[in-house]
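Below is the file data-v2.cif, which contains mmCIF, C-alpha atoms.
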data_run
loop_
_atom_site.label_atom_id
_atom_site.label_comp_id
_atom_site.auth_asym_id
_atom_site.auth_seq_id
_atom_site.Cartn_x
_atom_site.Cartn_y
_atom_site.Cartn_z
CA MET H 30 0.00 0.00 0.00
CA PHE H 31 1.47 3.32 -1.07
CA VAL H 32 1.91 6.03 1.53
CA THR H 33 3.01 9.58 0.92
CA GLN H 34 4.76 12.23 2.94
CA PRO H 35 4.66 15.89 1.95
CA THR H 36 7.94 17.23 0.64
CA ARG H 37 7.74 20.86 -0.42
CA ARG H 38 4.74 21.97 1.64
CA ASP H 39 3.07 20.87 4.83
CA ALA H 40 0.13 19.56 2.79
CA TRP H 41 -0.71 17.03 0.10
CA VAL H 42 -3.85 16.59 -1.96
CA ALA H 43 -5.55 13.30 -2.82
CA ILE H 44 -7.41 13.26 -6.14
CA VAL H 45 -9.69 10.23 -6.17
CA GLY H 46 -12.45 8.76 -8.26
CA PRO H 47 -13.45 5.83 -10.48
CA PHE H 48 -11.48 7.13 -13.49
CA ARG H 49 -8.59 5.71 -15.51
CA PHE H 50 -5.30 7.57 -15.29
CA PRO H 51 -3.02 8.91 -16.74
CA TRP H 52 -4.42 8.30 -20.24
CA GLY H 53 -7.77 7.21 -21.53
CA GLN H 54 -10.99 9.13 -21.38
CA ALA H 55 -11.35 12.89 -21.36
CA GLY H 56 -11.96 12.71 -17.60
CA SER H 57 -8.45 11.44 -16.96
CA ARG H 58 -6.98 14.31 -18.98
CA ARG H 59 -9.06 16.66 -16.83
CA VAL H 60 -7.47 15.13 -13.72
CA TYR H 61 -4.02 15.55 -15.27
CA GLY H 62 -4.65 19.27 -15.75
CA LEU H 63 -5.90 19.87 -12.22
CA ALA H 64 -3.06 17.84 -10.72
CA GLY H 65 -0.62 19.90 -12.78
CA SER H 66 -2.11 23.16 -11.51
CA LEU H 67 -1.87 22.00 -7.90
CA ALA H 68 1.73 20.88 -8.34
CA ALA H 69 2.62 24.16 -10.07
CA CYS H 70 1.39 26.09 -7.02
CA GLY H 71 3.36 23.86 -4.62
CA TYR H 72 1.06 21.06 -3.52
CA ASP H 73 2.20 17.45 -3.64
CA VAL H 74 -0.55 15.45 -5.31
CA VAL H 75 -1.42 11.77 -5.26
CA VAL H 76 -3.90 10.63 -7.90
CA ALA H 77 -5.67 7.44 -6.84
CA GLY H 78 -7.64 6.24 -9.84
CA GLY H 79 -10.14 3.46 -10.29
CA GLU H 80 -8.14 1.09 -12.47
CA ASP H 81 -6.44 -2.02 -11.12
CA GLY H 82 -2.85 -0.73 -11.06
CA PRO H 83 -0.24 0.41 -10.76
CA ALA H 84 -0.38 -0.79 -7.16
CA THR H 85 2.61 1.30 -6.14
CA ALA H 86 3.19 4.97 -6.74
CA THR H 87 4.43 6.12 -10.12
CA ARG H 88 5.86 9.60 -10.52
CA LEU H 89 4.25 11.54 -13.36
CA ASP H 90 6.72 13.25 -15.68
CA GLY H 91 6.14 16.63 -17.30
CA ILE H 92 5.02 18.43 -14.13
CA ASP H 93 7.11 21.53 -13.51
CA GLY H 94 6.56 21.71 -9.77
CA PRO H 95 7.58 22.82 -7.20
CA GLY H 96 5.05 20.16 -6.17
CA THR H 97 4.91 16.62 -7.50
CA VAL H 98 2.28 14.26 -8.89
CA ASP H 99 2.20 10.51 -8.21
CA TYR H 100 -0.50 8.11 -9.30
CA LEU H 101 -1.68 4.60 -8.55
CA GLY H 102 -4.77 2.47 -9.10
CA LEU H 103 -7.08 1.30 -6.33
CA GLY H 104 -9.10 -1.22 -8.34
CA GLU H 105 -12.52 0.39 -7.78
CA ILE H 106 -13.51 -0.40 -11.37
CA PRO H 107 -14.59 -4.06 -11.65
CA PRO H 108 -12.48 -6.23 -13.99
CA ALA H 109 -13.81 -6.80 -17.48
CA GLN H 110 -14.58 -10.46 -16.74
CA ALA H 111 -16.72 -9.67 -13.68
CA GLY H 112 -20.32 -10.84 -13.89
CA ARG H 113 -23.41 -8.68 -13.60
CA LEU H 114 -24.03 -9.64 -9.96
CA ALA H 115 -20.44 -8.82 -8.94
CA ARG H 116 -20.62 -5.48 -10.75
CA SER H 117 -23.92 -4.61 -9.11
CA VAL H 118 -22.64 -5.45 -5.61
CA ARG H 119 -19.50 -3.39 -6.23
CA TRP H 120 -21.46 -0.40 -7.51
CA PHE H 121 -24.42 -0.37 -5.09
CA LEU H 122 -22.68 -1.41 -1.86
CA ARG H 123 -18.90 -1.11 -2.12
CA TRP H 124 -18.31 1.72 -4.60
CA GLY H 125 -15.70 3.86 -2.83
CA GLU H 126 -14.75 1.43 -0.06
CA ARG H 127 -11.28 0.81 -1.50
CA THR H 128 -10.64 4.53 -1.73
CA VAL H 129 -11.60 5.02 1.91
CA ARG H 130 -9.38 2.14 3.02
CA TRP H 131 -6.47 3.68 1.16
CA LEU H 132 -7.08 7.08 2.76
CA ASP H 133 -7.23 5.43 6.20
CA ALA H 134 -3.89 3.73 5.57
CA GLN H 135 -1.99 6.98 5.05
CA PRO H 136 0.19 7.99 8.04
CA THR H 137 -0.43 11.65 7.21
CA LYS H 138 -3.93 12.72 6.25
CA PRO H 139 -4.29 14.72 3.05
CA SER H 140 -4.99 18.41 3.47
CA HIS H 141 -7.78 18.06 0.88
CA VAL H 142 -9.58 15.35 -1.05
CA LEU H 143 -10.71 16.19 -4.59
CA VAL H 144 -13.18 13.75 -6.13
CA SER H 145 -13.60 13.44 -9.89
CA GLY H 146 -16.43 11.41 -11.34
CA GLY H 147 -17.87 10.13 -8.07
CA ASP H 148 -21.55 9.24 -8.34
CA ALA H 149 -23.93 8.78 -5.40
CA PRO H 150 -22.70 5.45 -3.90
CA TYR H 151 -19.08 6.58 -4.14
CA MET H 152 -19.87 9.96 -2.57
CA VAL H 153 -21.65 8.35 0.42
CA HIS H 154 -18.43 6.60 1.49
CA LEU H 155 -16.17 9.53 0.70
CA ARG H 156 -18.23 12.22 2.41
CA ARG H 157 -18.48 10.08 5.54
CA TRP H 158 -14.69 9.64 5.67
CA CYS H 159 -13.98 13.35 5.12
CA ARG H 160 -16.42 14.37 7.86
CA ARG H 161 -14.95 11.89 10.29
CA SER H 162 -11.36 12.86 9.43
CA ARG H 163 -12.05 16.60 9.28
CA VAL H 164 -10.57 16.84 5.78
CA PRO H 165 -12.19 19.26 3.30
CA LEU H 166 -13.81 17.55 0.35
CA LEU H 167 -13.97 19.17 -3.08
CA ALA H 168 -15.78 17.93 -6.17
CA ASP H 169 -14.77 18.45 -9.77
CA VAL H 170 -17.96 18.69 -11.84
CA VAL H 171 -17.77 18.55 -15.63
CA ASP H 172 -21.19 17.27 -16.78
CA TRP H 173 -24.92 17.60 -16.26
CA TYR H 174 -26.20 14.34 -17.65
CA SER H 175 -29.20 13.94 -19.89
CA PRO H 176 -31.34 10.80 -19.38
CA ARG H 177 -30.61 9.68 -22.94
CA GLN H 178 -26.88 9.67 -22.24
CA LEU H 179 -27.10 6.93 -19.61
CA ARG H 180 -28.33 3.35 -19.64
CA GLY H 181 -31.93 2.97 -18.54
CA GLY H 182 -32.97 6.54 -19.23
CA VAL H 183 -34.69 8.74 -16.69
CA LEU H 184 -35.54 5.85 -14.33
CA GLY H 185 -32.27 3.98 -14.75
CA PRO H 186 -29.90 3.66 -11.76
CA PRO H 187 -26.99 5.46 -13.53
CA TYR H 188 -29.09 8.57 -14.19
CA LEU H 189 -30.68 8.60 -10.74
CA SER H 190 -27.25 8.19 -9.15
CA ALA H 191 -25.75 10.98 -11.25
CA GLN H 192 -28.60 13.33 -10.36
CA ALA H 193 -28.27 12.51 -6.66
CA ALA H 194 -24.58 13.38 -6.84
CA LEU H 195 -25.12 16.59 -8.83
CA ARG H 196 -28.05 17.91 -6.80
CA TYR H 197 -27.42 16.53 -3.30
CA HIS H 198 -23.86 15.34 -2.64
CA TYR H 199 -21.77 17.89 -4.53
CA PRO H 200 -23.50 20.98 -3.06
CA ARG H 201 -22.64 19.59 0.39
CA CYS H 202 -18.91 19.49 -0.38
CA ASP H 203 -16.62 22.19 1.00
CA GLY H 204 -15.87 23.48 -2.48
CA ILE H 205 -16.58 22.73 -6.13
CA ILE H 206 -14.46 23.12 -9.24
CA VAL H 207 -16.57 23.37 -12.39
CA VAL H 208 -15.78 23.33 -16.07
CA SER H 209 -18.36 25.84 -17.35
CA SER H 210 -20.26 29.02 -16.55
CA PHE H 211 -23.50 27.03 -16.54
CA LEU H 212 -22.31 24.88 -13.65
CA GLU H 213 -20.68 27.84 -11.91
CA GLU H 214 -23.99 29.71 -11.83
CA TYR H 215 -25.88 26.65 -10.58
CA TYR H 216 -23.57 25.85 -7.66
CA ARG H 217 -23.10 29.48 -6.66
CA GLY H 218 -26.86 29.55 -6.34
CA ARG H 219 -26.61 26.63 -3.92
CA GLY H 220 -24.23 28.62 -1.72
CA THR H 221 -21.14 26.46 -2.29
CA PRO H 222 -17.68 28.01 -2.92
CA VAL H 223 -17.02 27.55 -6.64
CA LEU H 224 -14.04 27.94 -8.96
CA ARG H 225 -14.42 27.66 -12.74
CA VAL H 226 -11.51 25.99 -14.55
CA PRO H 227 -11.89 24.95 -18.22
CA PRO H 228 -10.20 21.80 -19.50
CA THR H 229 -6.43 22.23 -19.20
CA LEU H 230 -3.38 20.43 -20.49
CA ASP H 231 0.36 20.89 -20.85
CA VAL H 232 0.28 23.35 -23.75
CA GLU H 233 3.73 24.79 -23.03
CA ASN H 234 5.54 21.47 -23.56
CA LEU H 235 3.46 20.33 -26.52
CA PRO H 236 5.67 20.57 -29.64
CA VAL H 237 3.91 22.14 -32.61
CA TYR H 238 5.66 21.71 -35.93
CA PRO H 239 5.28 24.18 -38.82
CA ARG H 240 2.85 22.88 -41.40
CA ARG H 241 3.79 23.52 -44.98
CA VAL H 242 0.86 24.74 -47.05
CA ASP H 243 1.17 24.82 -50.83
CA ALA H 244 -0.74 27.78 -52.21
CA ASP H 245 -0.96 26.09 -55.62
CA VAL H 246 -2.77 23.03 -54.25
CA PRO H 247 -6.47 23.75 -53.67
CA GLY H 248 -8.42 22.21 -50.85
CA LEU H 249 -8.51 21.80 -47.11
CA ARG H 250 -7.98 18.93 -44.72
CA LEU H 251 -10.51 18.75 -41.89
CA VAL H 252 -10.39 16.50 -38.85
CA TYR H 253 -12.79 15.19 -36.26
CA ALA H 254 -11.16 13.24 -33.43
CA GLY H 255 -12.94 11.80 -30.43
CA SER H 256 -15.91 9.78 -29.32
CA PRO H 257 -19.14 11.41 -30.51
CA GLY H 258 -21.44 9.74 -27.97
CA ARG H 259 -24.67 11.71 -27.89
CA LYS H 260 -22.92 15.08 -27.99
CA ASP H 261 -21.06 15.58 -31.26
CA LEU H 262 -23.10 15.79 -34.47
CA VAL H 263 -20.77 13.74 -36.66
CA ALA H 264 -23.50 12.89 -39.19
CA THR H 265 -24.23 16.60 -39.70
CA ILE H 266 -20.51 17.26 -40.27
CA VAL H 267 -20.30 14.47 -42.87
CA ARG H 268 -23.43 15.66 -44.68
CA ALA H 269 -22.16 19.24 -44.82
CA VAL H 270 -18.85 18.10 -46.32
CA GLY H 271 -20.76 16.10 -48.91
CA ARG H 272 -22.95 19.07 -49.77
CA VAL H 273 -20.03 21.47 -50.24
CA ASP H 274 -17.77 19.04 -52.11
CA PRO H 275 -19.51 15.80 -53.12
CA GLU H 276 -16.57 14.64 -55.24
CA GLY H 277 -13.95 15.20 -52.53
CA ALA H 278 -11.86 17.42 -54.79
CA HIS H 279 -11.47 20.29 -52.33
CA LEU H 280 -12.33 18.95 -48.88
CA GLU H 281 -10.96 15.93 -47.06
CA LEU H 282 -12.52 15.03 -43.72
CA ARG H 283 -10.61 12.55 -41.56
CA ILE H 284 -12.60 10.97 -38.73
CA PHE H 285 -10.67 9.37 -35.87
CA GLY H 286 -12.34 7.55 -32.99
CA PRO H 287 -15.56 5.93 -34.21
CA THR H 288 -15.49 2.96 -36.56
CA LEU H 289 -16.85 2.97 -40.10
CA GLU H 290 -19.81 0.93 -38.88
CA GLN H 291 -20.59 3.49 -36.17
CA VAL H 292 -20.41 6.41 -38.60
CA THR H 293 -22.60 4.61 -41.13
CA ARG H 294 -25.14 3.96 -38.39
CA LEU H 295 -25.14 7.66 -37.48
CA LEU H 296 -25.84 8.41 -41.15
CA ASP H 297 -28.81 6.00 -41.19
CA GLY H 298 -27.10 3.95 -43.89
CA GLU H 299 -26.24 6.84 -46.23
CA ALA H 300 -23.10 6.43 -48.32
CA LEU H 301 -20.04 8.39 -47.25
CA PRO H 302 -19.04 11.29 -49.50
CA ARG H 303 -15.83 10.64 -51.41
CA GLY H 304 -13.82 13.10 -49.34
CA VAL H 305 -14.63 11.47 -45.98
CA ARG H 306 -12.23 8.90 -44.50
CA VAL H 307 -13.05 7.00 -41.30
CA LEU H 308 -9.77 5.88 -39.75
CA GLY H 309 -10.82 4.44 -36.37
CA ARG H 310 -9.04 4.73 -33.05
CA LEU H 311 -5.50 5.97 -32.53
CA PRO H 312 -3.21 5.68 -29.50
CA GLN H 313 -3.36 8.86 -27.44
CA PRO H 314 0.29 9.86 -28.14
CA GLU H 315 -0.49 9.98 -31.89
CA ILE H 316 -3.42 12.38 -31.57
CA PRO H 317 -1.31 15.61 -31.69
CA ARG H 318 -0.03 14.62 -35.13
CA VAL H 319 -3.64 14.21 -36.31
CA TRP H 320 -4.57 17.71 -35.17
CA GLN H 321 -1.46 19.33 -36.59
CA GLU H 322 -1.85 17.76 -40.04
CA ALA H 323 -5.28 19.38 -40.45
CA ASP H 324 -6.19 22.88 -41.59
CA PHE H 325 -9.24 22.90 -39.29
CA SER H 326 -10.92 20.65 -36.78
CA VAL H 327 -14.71 20.55 -36.86
CA LEU H 328 -17.02 20.40 -33.85
CA LEU H 329 -20.79 20.67 -33.95
CA ARG H 330 -23.13 20.28 -30.98
CA GLN H 331 -26.80 20.95 -30.30
CA PRO H 332 -27.64 23.74 -27.82
CA ALA H 333 -28.99 21.49 -25.04
CA ARG H 334 -28.56 21.88 -21.27
CA PHE H 335 -26.17 18.96 -20.89
CA ILE H 336 -24.08 20.42 -23.73
CA HIS H 337 -23.91 23.88 -22.14
CA ALA H 338 -22.90 22.33 -18.81
CA GLY H 339 -19.85 20.59 -20.24
CA PHE H 340 -16.87 21.84 -22.20
CA PRO H 341 -15.33 19.90 -25.11
CA THR H 342 -11.76 18.85 -24.31
CA LYS H 343 -11.16 18.27 -28.02
CA PHE H 344 -11.65 22.01 -28.62
CA CYS H 345 -8.77 22.80 -26.25
CA GLU H 346 -6.58 20.07 -27.76
CA SER H 347 -7.13 21.39 -31.25
CA LEU H 348 -6.14 24.95 -30.33
CA ALA H 349 -3.17 23.67 -28.32
CA ASN H 350 -1.90 21.95 -31.47
CA GLY H 351 -2.27 25.16 -33.45
CA THR H 352 -5.29 23.94 -35.40
CA PRO H 353 -8.20 26.41 -35.75
CA VAL H 354 -11.69 25.12 -35.02
CA ILE H 355 -14.88 25.37 -37.02
CA ALA H 356 -17.72 25.15 -34.49
CA ASN H 357 -21.05 26.51 -33.37
CA LEU H 358 -21.01 28.29 -30.02
CA THR H 359 -22.17 26.11 -27.13
CA SER H 360 -21.07 26.07 -23.50
CA ASP H 361 -18.31 28.69 -23.04
CA LEU H 362 -16.79 28.37 -26.51
CA GLY H 363 -17.69 31.99 -27.24
CA ARG H 364 -15.11 33.08 -24.66
CA TYR H 365 -12.30 31.52 -26.69
CA LEU H 366 -13.42 31.22 -30.31
CA ARG H 367 -13.64 34.41 -32.34
CA ASP H 368 -14.75 34.25 -35.95
CA ARG H 369 -11.76 34.41 -38.33
CA HIS H 370 -9.29 34.47 -35.45
CA GLU H 371 -9.03 31.10 -33.64
CA GLY H 372 -11.34 29.53 -36.21
CA LEU H 373 -14.73 30.01 -37.82
CA VAL H 374 -18.05 30.31 -36.01
CA CYS H 375 -21.08 28.47 -37.42
CA ALA H 376 -24.37 30.30 -37.17
CA ASP H 377 -26.01 27.15 -35.74
CA HIS H 378 -25.64 23.37 -35.60
CA SER H 379 -27.43 22.63 -38.88
CA VAL H 380 -26.05 21.27 -42.14
CA ALA H 381 -26.73 24.68 -43.72
CA GLY H 382 -24.85 26.50 -40.95
CA LEU H 383 -21.77 24.32 -41.30
CA THR H 384 -21.99 24.41 -45.10
CA SER H 385 -21.70 28.19 -45.03
CA ALA H 386 -18.68 28.03 -42.69
CA LEU H 387 -16.94 25.44 -44.88
CA ARG H 388 -17.37 27.62 -47.95
CA THR H 389 -15.85 30.50 -46.02
CA ALA H 390 -12.91 28.27 -45.06
CA LEU H 391 -12.32 27.33 -48.71
CA GLY H 392 -12.13 31.02 -49.59
CA LEU H 393 -9.38 31.85 -47.08
CA THR H 394 -5.89 32.61 -48.30
CA VAL H 395 -2.83 30.72 -47.12
CA ALA H 396 -1.74 33.82 -45.18
CA GLU H 397 -5.12 34.06 -43.43
CA ARG H 398 -4.99 30.41 -42.43
CA LYS H 399 -1.46 30.84 -41.09
CA LEU H 400 -2.59 33.75 -38.90
CA MET H 401 -5.45 31.66 -37.58
CA ARG H 402 -3.08 28.82 -36.66
CA GLU H 403 -0.93 31.26 -34.71
CA ALA H 404 -4.01 32.73 -32.98
CA ALA H 405 -5.25 29.24 -32.05
CA ARG H 406 -1.97 28.32 -30.41
CA ARG H 407 -1.73 31.69 -28.66
CA ARG H 408 -5.24 31.32 -27.24
CA ALA H 409 -4.46 27.82 -25.95
CA ARG H 410 -1.32 28.97 -24.16
CA ALA H 411 -3.20 31.81 -22.51
CA ALA H 412 -6.39 29.92 -21.61
CA PHE H 413 -5.80 26.16 -21.45
CA ASP H 414 -2.32 25.55 -20.04
CA PHE H 415 -2.54 24.11 -16.52
CA ARG H 416 0.07 26.59 -15.25
CA VAL H 417 -2.30 29.50 -15.95
CA TYR H 418 -4.61 28.22 -13.20
CA ALA H 419 -1.94 27.42 -10.61
CA GLU H 420 -2.49 30.62 -8.64
CA PRO H 421 -6.33 30.60 -8.56
CA VAL H 422 -6.47 26.85 -7.85
CA GLY H 423 -3.87 27.18 -5.08
CA ALA H 424 -5.71 30.11 -3.52
CA PHE H 425 -9.02 28.21 -3.67
CA PHE H 426 -7.55 25.17 -1.91
CA ASP H 427 -5.70 27.32 0.66
CA ALA H 428 -8.94 29.07 1.59
CA LEU H 429 -10.58 25.72 2.39
CA ARG H 430 -7.81 24.31 4.60
CA ARG H 431 -8.71 23.39 8.16
#
Reformat the file's structure so that it appears as structure tokens.
Amino acid sequence: MFVTQPTRRDAWVAIVGPFRFPWGQAGSRRVYGLAGSLAACGYDVVVAGGEDGPATATRLDGIDGPGTVDYLGLGEIPPAQAGRLARSVRWFLRWGERTVRWLDAQPTKPSHVLVSGGDAPYMVHLRRWCRRSRVPLLADVVDWYSPRQLRGGVLGPPYLSAQAALRYHYPRCDGIIVVSSFLEEYYRGRGTPVLRVPPTLDVENLPVYPRRVDADVPGLRLVYAGSPGRKDLVATIVRAVGRVDPEGAHLELRIFGPTLEQVTRLLDGEALPRGVRVLGRLPQPEIPRVWQEADFSVLLRQPARFIHAGFPTKFCESLANGTPVIANLTSDLGRYLRDRHEGLVCADHSVAGLTSALRTALGLTVAERKLMREAARRRARAAFDFRVYAEPVGAFFDALRR
């Protein structure tokens, strides 16, 4: 069992939750950014994720300090071969027990516990431990789930558990970090101390290579990378590309993440336009190359409540790689995306709205596109690097210390 002792400060922070770390889903990249901000302001951080391993602490590279970040897995997530009964018992009765046992085993209590992705059963165990141990508990909230996002719909246990966490458990934490203005307004209204931090990553150390653009070769390369779920309107993006350039002579759209079968299903069986290539999943370390090879990334979402509550990590990753974004404005994107600066703004999330933006993109000069790439990277360094939030995050945690 790993134990930690503070090194540079008289305090260390435990970031816990049923997530996979350091790579995997967008949630784990969110944890990486917050851990980086805490380390940059001087806290030593231990990330205790939900996967089964590593069982001993592993030091995370790429954190500037003066604090440090270590991570390990507590095995909260059931193994893939576990049966339905075992999964149900783990989730309903024991979800969070391993985390609490690990916290109890530490010779020095953490100064704070930050939970990421904890639903109702997990929060019951964690809140009880923090009250008993007199350790402030903070929640990182990045979603407001729609019933259609989760198995079973509005009466399904996942949705009911998520709503119990969002409406009951999180407001009773000592502080909340949120990803959007929507969530900030909601939790401020509940009287809980709140800090808004968008998705962050290590922009400063991300190498961006100059992309050669031949002015004599017409056309643009577009990219969509990620898991669309019920958020991203991939079918609308494909249809707009087909409408603007059905022969694929001027537009190439590369789709990474979903399979060809999944994209075809989203299109209700329609044939792919000639310029659309579905390339499947890529290892996380290869994703920056995908962004940087494109002239624009494309992101389209409907203006629903659960969309406004979140914030697309792929938007930040695209700008960090110097790739402008073509998107409609949902959530807080309007704070960071200015038309013809960091990208192009679609009037709405329709095929017609994106079609108009794509035609504008085709009319840009090489010099204009170069300026937009520079603006995208500049915006990411100013708004999405984890070091930018070191001071406000540190001050927020310091104010909650007991």
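Selection check: the PyMOL selection byres ((chain H and resi 427) around 12) on the shown file gives Arg38, Asp39, Ala40, Trp41, Val42, Leu67, Cys70, Gly71, Tyr72, Ser140, His141, Pro165, Gly204, Ala419, Glu420, Pro421, Val422, Gly423, Ala424, Phe425, Phe426, Ala428, Leu429, Arg430 and Arg431 of chain H.
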Taking all atoms of segment 309-323 of chain H that the file lists, what box with edges along x, y and z, padded by 6 Å per side, do you get, with centre and edge lengths in Å to one decimal, as JSON?
{"center_x": -5.3, "center_y": 11.9, "center_z": -33.9, "size_x": 23.1, "size_y": 26.9, "size_z": 25.0}
To test your reading of the syntax: which residues would the PyMOL selection byres ((chain H and resi 330) around 10) return for the file shown? Reply as a compact mmCIF listing (two decimals) with C-alpha atoms, in the frame of the given file.
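Result saved to out.txt:
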# COMPACT_ATOMS: atom_id res chain seq x y z
CA PRO H 257 -19.14 11.41 -30.51
CA ARG H 259 -24.67 11.71 -27.89
CA LYS H 260 -22.92 15.08 -27.99
CA ASP H 261 -21.06 15.58 -31.26
CA LEU H 262 -23.10 15.79 -34.47
CA VAL H 263 -20.77 13.74 -36.66
CA THR H 265 -24.23 16.60 -39.70
CA LEU H 328 -17.02 20.40 -33.85
CA LEU H 329 -20.79 20.67 -33.95
CA GLN H 331 -26.80 20.95 -30.30
CA PRO H 332 -27.64 23.74 -27.82
CA ALA H 333 -28.99 21.49 -25.04
CA ILE H 336 -24.08 20.42 -23.73
CA HIS H 337 -23.91 23.88 -22.14
CA PRO H 341 -15.33 19.90 -25.11
CA ALA H 356 -17.72 25.15 -34.49
CA ASN H 357 -21.05 26.51 -33.37
CA LEU H 358 -21.01 28.29 -30.02
CA THR H 359 -22.17 26.11 -27.13
CA SER H 360 -21.07 26.07 -23.50
CA ASP H 377 -26.01 27.15 -35.74
CA HIS H 378 -25.64 23.37 -35.60
CA SER H 379 -27.43 22.63 -38.88
Leu166 of chain H: which residues within 12 Å, counting only C-alpha atoms, same-chain residues fewer than 3 positions away excluded, as number ranges by chain? H: 42-45, 139-145, 147, 152, 154-163, 169, 198-206, 221-222, 426, 429-431
Same residues, C-alpha atoms, output as a CSV table (one decimal), in the coordinates of the input:
chain,number,residue,atom,x,y,z
H,42,VAL,CA,-3.8,16.6,-2.0
H,43,ALA,CA,-5.6,13.3,-2.8
H,44,ILE,CA,-7.4,13.3,-6.1
H,45,VAL,CA,-9.7,10.2,-6.2
H,139,PRO,CA,-4.3,14.7,3.0
H,140,SER,CA,-5.0,18.4,3.5
H,141,HIS,CA,-7.8,18.1,0.9
H,142,VAL,CA,-9.6,15.4,-1.0
H,143,LEU,CA,-10.7,16.2,-4.6
H,144,VAL,CA,-13.2,13.8,-6.1
H,145,SER,CA,-13.6,13.4,-9.9
H,147,GLY,CA,-17.9,10.1,-8.1
H,152,MET,CA,-19.9,10.0,-2.6
H,154,HIS,CA,-18.4,6.6,1.5
H,155,LEU,CA,-16.2,9.5,0.7
H,156,ARG,CA,-18.2,12.2,2.4
H,157,ARG,CA,-18.5,10.1,5.5
H,158,TRP,CA,-14.7,9.6,5.7
H,159,CYS,CA,-14.0,13.4,5.1
H,160,ARG,CA,-16.4,14.4,7.9
H,161,ARG,CA,-15.0,11.9,10.3
H,162,SER,CA,-11.4,12.9,9.4
H,163,ARG,CA,-12.0,16.6,9.3
H,169,ASP,CA,-14.8,18.4,-9.8
H,198,HIS,CA,-23.9,15.3,-2.6
H,199,TYR,CA,-21.8,17.9,-4.5
H,200,PRO,CA,-23.5,21.0,-3.1
H,201,ARG,CA,-22.6,19.6,0.4
H,202,CYS,CA,-18.9,19.5,-0.4
H,203,ASP,CA,-16.6,22.2,1.0
H,204,GLY,CA,-15.9,23.5,-2.5
H,205,ILE,CA,-16.6,22.7,-6.1
H,206,ILE,CA,-14.5,23.1,-9.2
H,221,THR,CA,-21.1,26.5,-2.3
H,222,PRO,CA,-17.7,28.0,-2.9
H,426,PHE,CA,-7.6,25.2,-1.9
H,429,LEU,CA,-10.6,25.7,2.4
H,430,ARG,CA,-7.8,24.3,4.6
H,431,ARG,CA,-8.7,23.4,8.2
Report as a tab-separated table: every residue of segment 299-375 of chain H with an atom at most 10 Å from segment 225-234 of chain H, its closest pair of atoms, and their distance in Å to one decimal, counting all atoms listed in the file, with rows sorted by chain and ascending residue number.
residue	atom	partner	partner_atom	distance
H:Gly339	CA	H:Pro227	CA	9.3
H:Phe340	CA	H:Pro227	CA	7.1
H:Pro341	CA	H:Pro228	CA	7.8
H:Thr342	CA	H:Pro228	CA	5.9
H:Lys343	CA	H:Pro228	CA	9.3
H:Phe344	CA	H:Pro228	CA	9.2
H:Cys345	CA	H:Pro228	CA	7.0
H:Glu346	CA	H:Leu230	CA	8.0
H:Leu348	CA	H:Val232	CA	9.3
H:Ala349	CA	H:Val232	CA	5.7
H:Asn350	CA	H:Val232	CA	8.1
H:Asp361	CA	H:Pro227	CA	8.9
Atom CA of Gly309 of chain H to atom CA of Gly82 of chain H, straight-line distance in Å: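 Computing the Euclidean distance for atom CA of Gly82 of chain H and atom CA of Gly309 of chain H yields 27.0 Å.
For the atom pair formed by atom CA of Ala194 of chain H and atom CA of Ser209 of chain H, the distance is 17.4 Å, given to one decimal.
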Using Å and a single decimal, report how far atom CA of Asp324 of chain H sits from atom CA of Thr394 of chain H. 11.8 Å
Evaluate the PyMOL selection byres ((chain H and resi 250) around 10) and record the selected residues as a list in words, following the chain and residue labels used in the document.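 When the PyMOL selection byres ((chain H and resi 250) around 10) is applied to the shown file, the picked residues are Gly248, Leu249, Leu251, Val252, His279, Leu280, Glu281, Leu282, Arg283, Gly304, Glu322, Ala323, Asp324, Phe325 and Ser326 of chain H.
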Surrounding residues of Ile316 of chain H excluding itself and chain neighbours under 4 positions, 10 Å, all atoms listed in the file, as a ChimeraX atom specification: /H:254-255,285,310-312,320-321,346-347,350
Residues within 8 Å of Ala405 of chain H, please, as a list in words. Count all atoms listed in the file; anything in the same chain fewer than 5 positions from it doesn't count. Leu348, Ala349, Gly351, Thr352, Pro353, His370, Glu371 and Gly372 of chain H
Using only C-alpha atoms, which residues sit within 9 Å of Tyr365 of chain H once same-chain residues fewer than 6 positions away are excluded, as a list in words?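 Those residues are Glu371, Arg408, Ala409 and Ala412 of chain H.
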Can you work out which one of H:Gly91, H:Pro287, H:Gly146, H:Gly125 has the shortest atom-to-atom distance to Tyr174 of chain H, counting only C-alpha atoms?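 Residue with the minimum atom-to-atom distance to Tyr174 of chain H: H:Gly146.
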Quick one: residues within 12 Å of Leu89 of chain H, only C-alpha atoms, excluding same-chain residues fewer than 3 positions away - as a PyMOL selection string? chain H and resi 50-52+61+64-65+68+73-76+86+92-94+96-101
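Compared by their closest atoms to Lys138 of chain H, and using all atoms listed in the file, the residues H:Ala191, H:Ala84, H:Leu362, H:Val164 rank with H:Val164 nearest.
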Residues within 10 Å of (-22.0, 20.6, -50.4), counting all atoms listed in the file, listed as number ranges by chain: H: 267-277, 280, 302, 380-381, 383-385, 387-388
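Ranking H:Leu103, H:Tyr151, H:Pro187, H:Leu393 by their shortest atom-to-atom distance to Leu132 of chain H, with all atoms listed in the file included, puts H:Leu103 first.
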